[in-house]
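Undergrad: My structure is below; once you've seen it, I'll send some questions.
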Amino acid sequence: MPGFSPTLPLQTDPKDGFSLTQTYQELARQNLRTLVLTNPGERIMLPFFGVGIKKRLFDPKTNYANTNIESDIRSQVAAYLPYIKIKQIIFDNSDDGTARDDMFDSLSIKITYAIDSMSLIDEIQVLITI
């Protein structure tokens with residue numbers, strides 16, 4: 001069955017050559033994840049594309065930093081994925097003293113979004129660790 005685009009990370013498929021996204025929901029989820037994980041300047045011909053979340057891993061885990069990240073995610077989605085409407089962004093900073101030691105060098109973000117034209121609500125979880 002033909003698909004929309006190769007799934008990322010690339011995986012071989014004996015039928016299509018590479019695994020392909022099969023639904024618009026998969027495609028939207030992959031596009032949003034790619035936007036969040038891409039650093040500005042990495043995408044050819046789109047120098048401002050990407051949130052660059054990996055560069056924020058060692059930022060102080062404060063409400064101010066979270067607000068800046070959330071603002072960047074919302075503005076990037078509005079510019080490059082206008083069909084996606086962000087409903088909620090939740091940060092799990094794990095800095096309350098009860099988290100495991102290995103969670104202090106990580107950043108976890110859950111993004112809940114909607115695609116109104118498809119009456120779809122979905123979410124992605126982005127976890128960045130060292």
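If you're wondering about the labels, chains in the structure tokens are A, B, ... by order shown, residues count from 1 in each chain, ligands from 1 in order shown.
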Using only C-alpha atoms, which protein or nucleic acid residues come within 12 Å of Gly17 in chain A? Drop anything in the same chain fewer than 3 positions from it, and give the result as a PyMOL selection string.
TA: chain A and resi 1-3+5-7+10-14+20
Undergrad: Set the distance at 8 Å and use only C-alpha atoms: which residues neighbour Pro40 in chain A once local chain neighbours fewer than 5 positions away are removed? I'd like the list as a ChimeraX atom specification.
TA: /A:47-52
Undergrad: Taking only C-alpha atoms into account, name the residue in A:Tyr24, A:Pro9, A:Lys85, A:Phe91 that is nearest to Tyr113 in chain A.
TA: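 Between A:Tyr24, A:Pro9, A:Lys85, A:Phe91, the residue approaching Tyr113 in chain A most closely is A:Lys85.
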Undergrad: Please determine, counting only C-alpha atoms, which residue among A:Glu70, A:Lys15, A:Leu81, A:Thr129 has the shortest atom-to-atom distance to Arg29 in chain A.
TA: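 Going through A:Glu70, A:Lys15, A:Leu81, A:Thr129 one by one, the smallest distance to Arg29 in chain A is for A:Leu81.
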Undergrad: Could you jot down the CA of Leu27 in chain A to CA of Lys55 in chain A separation for me, Å, one decimal place?
TA: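 Separating CA of Leu27 in chain A from CA of Lys55 in chain A is a distance of 24.9 Å.
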Undergrad: Among chain A, which residues does DSSP mark as alpha helix (DSSP H) when it is run on the backbone? Keep the chain and numbering as in the structure and answer as a VMD selection string.
TA: chain A and resid 24 to 37 63 to 80
Undergrad: Name the closest residue to Asp72 in chain A among the candidates A:Glu42, A:Val36, A:Leu107, A:Glu123; distances are taken between atoms, counting only C-alpha atoms.
TA: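 Ranked by minimum distance to Asp72 in chain A, first place goes to A:Val36.
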Undergrad: I want to know what sits within 12 Å of Gln25 in chain A, based on only C-alpha atoms, with residues of the same chain fewer than 4 positions away left out; could you give that as a compact mmCIF listing (two decimals) with all heavy atoms, in the first residue's frame?
TA:
# COMPACT_ATOMS: atom_id res chain seq x y z
N PHE A 4 2.47 8.00 2.66
CA PHE A 4 2.63 9.43 2.48
C PHE A 4 4.09 9.87 2.45
O PHE A 4 4.49 10.67 1.64
CB PHE A 4 1.89 10.19 3.58
CG PHE A 4 0.42 9.94 3.55
CD1 PHE A 4 -0.19 9.18 4.54
CD2 PHE A 4 -0.37 10.44 2.54
CE1 PHE A 4 -1.55 8.94 4.51
CE2 PHE A 4 -1.73 10.21 2.50
CZ PHE A 4 -2.32 9.46 3.50
N THR A 21 4.61 6.19 6.29
CA THR A 21 3.45 6.53 7.12
C THR A 21 2.20 6.18 6.32
O THR A 21 2.11 6.45 5.13
CB THR A 21 3.44 8.02 7.50
OG1 THR A 21 3.50 8.81 6.32
CG2 THR A 21 4.60 8.37 8.41
N ARG A 29 1.77 13.40 13.44
CA ARG A 29 2.57 13.10 14.64
C ARG A 29 4.06 13.17 14.30
O ARG A 29 4.85 13.77 15.03
CB ARG A 29 2.22 11.72 15.18
CG ARG A 29 2.90 11.41 16.49
CD ARG A 29 2.56 10.03 17.03
NE ARG A 29 1.12 9.83 17.20
CZ ARG A 29 0.44 8.85 16.61
NH1 ARG A 29 1.04 7.99 15.83
NH2 ARG A 29 -0.85 8.73 16.82
N GLN A 30 4.45 12.59 13.18
CA GLN A 30 5.85 12.61 12.77
C GLN A 30 6.31 14.02 12.44
O GLN A 30 7.41 14.43 12.82
CB GLN A 30 6.05 11.70 11.56
CG GLN A 30 7.46 11.67 11.04
CD GLN A 30 7.65 10.62 9.98
OE1 GLN A 30 7.63 9.44 10.28
NE2 GLN A 30 7.83 11.05 8.74
N ASN A 31 5.48 14.80 11.75
CA ASN A 31 5.84 16.17 11.42
C ASN A 31 6.03 17.03 12.68
O ASN A 31 6.96 17.84 12.75
CB ASN A 31 4.80 16.81 10.51
CG ASN A 31 4.85 16.25 9.11
OD1 ASN A 31 5.82 15.62 8.70
ND2 ASN A 31 3.78 16.47 8.35
N LEU A 32 5.16 16.86 13.67
CA LEU A 32 5.27 17.63 14.90
C LEU A 32 6.53 17.23 15.67
O LEU A 32 7.27 18.09 16.15
CB LEU A 32 4.02 17.43 15.77
CG LEU A 32 3.99 18.18 17.10
CD1 LEU A 32 4.18 19.68 16.90
CD2 LEU A 32 2.68 17.89 17.82
N TYR A 83 -2.05 23.44 10.32
CA TYR A 83 -3.21 22.56 10.47
C TYR A 83 -3.28 21.93 11.87
O TYR A 83 -4.29 21.36 12.25
CB TYR A 83 -3.20 21.46 9.40
CG TYR A 83 -1.95 20.61 9.39
CD1 TYR A 83 -1.88 19.44 10.12
CD2 TYR A 83 -0.84 20.99 8.65
CE1 TYR A 83 -0.74 18.66 10.12
CE2 TYR A 83 0.31 20.22 8.64
CZ TYR A 83 0.35 19.05 9.38
OH TYR A 83 1.48 18.30 9.37
N ILE A 84 -2.19 22.05 12.64
CA ILE A 84 -2.15 21.51 14.00
C ILE A 84 -2.44 22.64 14.99
O ILE A 84 -1.84 23.70 14.91
CB ILE A 84 -0.77 20.88 14.30
CG1 ILE A 84 -0.60 19.60 13.47
CG2 ILE A 84 -0.61 20.59 15.78
CD1 ILE A 84 0.73 18.92 13.65
N TYR A 113 -2.48 17.90 20.98
CA TYR A 113 -2.82 18.74 19.84
C TYR A 113 -4.08 18.21 19.14
O TYR A 113 -4.48 17.06 19.37
CB TYR A 113 -1.66 18.82 18.84
CG TYR A 113 -1.28 17.50 18.22
CD1 TYR A 113 -1.81 17.11 16.99
CD2 TYR A 113 -0.40 16.63 18.85
CE1 TYR A 113 -1.47 15.89 16.43
CE2 TYR A 113 -0.05 15.42 18.29
CZ TYR A 113 -0.59 15.06 17.06
OH TYR A 113 -0.26 13.85 16.50
N ALA A 114 -4.64 19.05 18.33
CA ALA A 114 -5.84 18.68 17.57
C ALA A 114 -5.63 19.04 16.10
O ALA A 114 -4.90 19.97 15.78
CB ALA A 114 -7.06 19.42 18.12
N ILE A 115 -6.30 18.28 15.26
CA ILE A 115 -6.41 18.60 13.84
C ILE A 115 -7.90 18.72 13.57
O ILE A 115 -8.60 17.71 13.47
CB ILE A 115 -5.74 17.53 12.96
CG1 ILE A 115 -4.28 17.39 13.34
CG2 ILE A 115 -5.89 17.89 11.49
CD1 ILE A 115 -3.55 16.26 12.63
N ASP A 116 -8.37 19.95 13.53
CA ASP A 116 -9.81 20.20 13.45
C ASP A 116 -10.43 19.62 12.19
O ASP A 116 -11.54 19.09 12.23
CB ASP A 116 -10.09 21.71 13.53
CG ASP A 116 -9.75 22.27 14.90
OD1 ASP A 116 -9.74 21.50 15.88
OD2 ASP A 116 -9.48 23.48 14.98
N SER A 117 -9.73 19.68 11.06
CA SER A 117 -10.30 19.20 9.81
C SER A 117 -10.54 17.69 9.84
O SER A 117 -11.33 17.18 9.05
CB SER A 117 -9.39 19.55 8.63
OG SER A 117 -8.13 18.92 8.78
N MET A 118 -9.88 16.98 10.75
CA MET A 118 -10.05 15.53 10.86
C MET A 118 -10.77 15.14 12.15
O MET A 118 -10.93 13.95 12.42
CB MET A 118 -8.68 14.84 10.82
CG MET A 118 -7.95 15.00 9.52
SD MET A 118 -6.28 14.33 9.55
CE MET A 118 -6.52 12.69 10.18
N SER A 119 -11.19 16.12 12.95
CA SER A 119 -11.80 15.85 14.26
C SER A 119 -10.93 14.89 15.06
O SER A 119 -11.41 13.90 15.62
CB SER A 119 -13.21 15.28 14.08
OG SER A 119 -14.02 16.18 13.39
N LEU A 120 -9.64 15.22 15.13
CA LEU A 120 -8.66 14.34 15.76
C LEU A 120 -7.97 15.06 16.90
O LEU A 120 -7.58 16.22 16.76
CB LEU A 120 -7.62 13.91 14.72
CG LEU A 120 -6.40 13.19 15.23
CD1 LEU A 120 -6.75 11.74 15.57
CD2 LEU A 120 -5.30 13.22 14.19
N ILE A 121 -7.84 14.38 18.03
CA ILE A 121 -7.02 14.87 19.14
C ILE A 121 -6.01 13.77 19.44
O ILE A 121 -6.36 12.59 19.56
CB ILE A 121 -7.86 15.19 20.38
CG1 ILE A 121 -8.80 16.35 20.09
CG2 ILE A 121 -6.97 15.51 21.57
CD1 ILE A 121 -9.70 16.74 21.22
N ASP A 122 -4.74 14.16 19.53
CA ASP A 122 -3.66 13.20 19.74
C ASP A 122 -2.61 13.85 20.63
O ASP A 122 -2.72 15.04 20.95
CB ASP A 122 -3.06 12.80 18.39
CG ASP A 122 -2.25 11.51 18.45
OD1 ASP A 122 -2.18 10.88 19.52
OD2 ASP A 122 -1.65 11.14 17.41
N GLU A 123 -1.61 13.09 21.01
CA GLU A 123 -0.52 13.65 21.80
C GLU A 123 0.78 12.95 21.46
O GLU A 123 0.78 11.81 21.00
CB GLU A 123 -0.81 13.58 23.30
CG GLU A 123 -0.83 12.18 23.86
CD GLU A 123 -1.19 12.17 25.34
OE1 GLU A 123 -1.92 13.06 25.81
OE2 GLU A 123 -0.72 11.24 26.03
N ILE A 124 1.86 13.68 21.68
CA ILE A 124 3.19 13.08 21.56
C ILE A 124 3.94 13.35 22.84
O ILE A 124 3.67 14.33 23.55
CB ILE A 124 3.99 13.62 20.35
CG1 ILE A 124 4.31 15.10 20.49
CG2 ILE A 124 3.32 13.31 19.05
CD1 ILE A 124 5.34 15.63 19.52
Undergrad: Could you jot down the CA of Asn68 in chain A to CA of Ile53 in chain A separation for me, Å, one decimal place?
TA: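 It comes out at 10.9 Å.
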Undergrad: Between CA of Leu46 in chain A and CA of Thr112 in chain A, what is the distance, to one decimal in Å?
TA: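 Between CA of Leu46 in chain A and CA of Thr112 in chain A the gap works out to 25.2 Å.
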Undergrad: Skipping near chain neighbours, those fewer than 5 positions away, what residues fall within 12 Å of Asn66 in chain A using only C-alpha atoms, listed as a list of chain:residue names?
TA: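 The contact residues come out as A:Ile53, A:Arg56, A:Leu57, A:Asp59, A:Pro60, A:Lys61, A:Ser71, A:Asp72, A:Ile73, A:Ile89, A:Ile90, A:Phe91, A:Asp92, A:Asn93, A:Leu107, A:Ser108, A:Ile109.
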Undergrad: Residues of range 19-117 of chain A in strand (DSSP E or B) according to DSSP, as a list in words?
TA: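 For range 19-117 of chain A, the strand (DSSP E or B) set is Leu20, Lys85, Ile86, Lys87, Gln88, Ile89, Ile90, Phe91, Asp92, Ser106, Leu107, Ser108, Ile109, Lys110, Ile111, Thr112, Tyr113, Ala114 and Ile115 of chain A.
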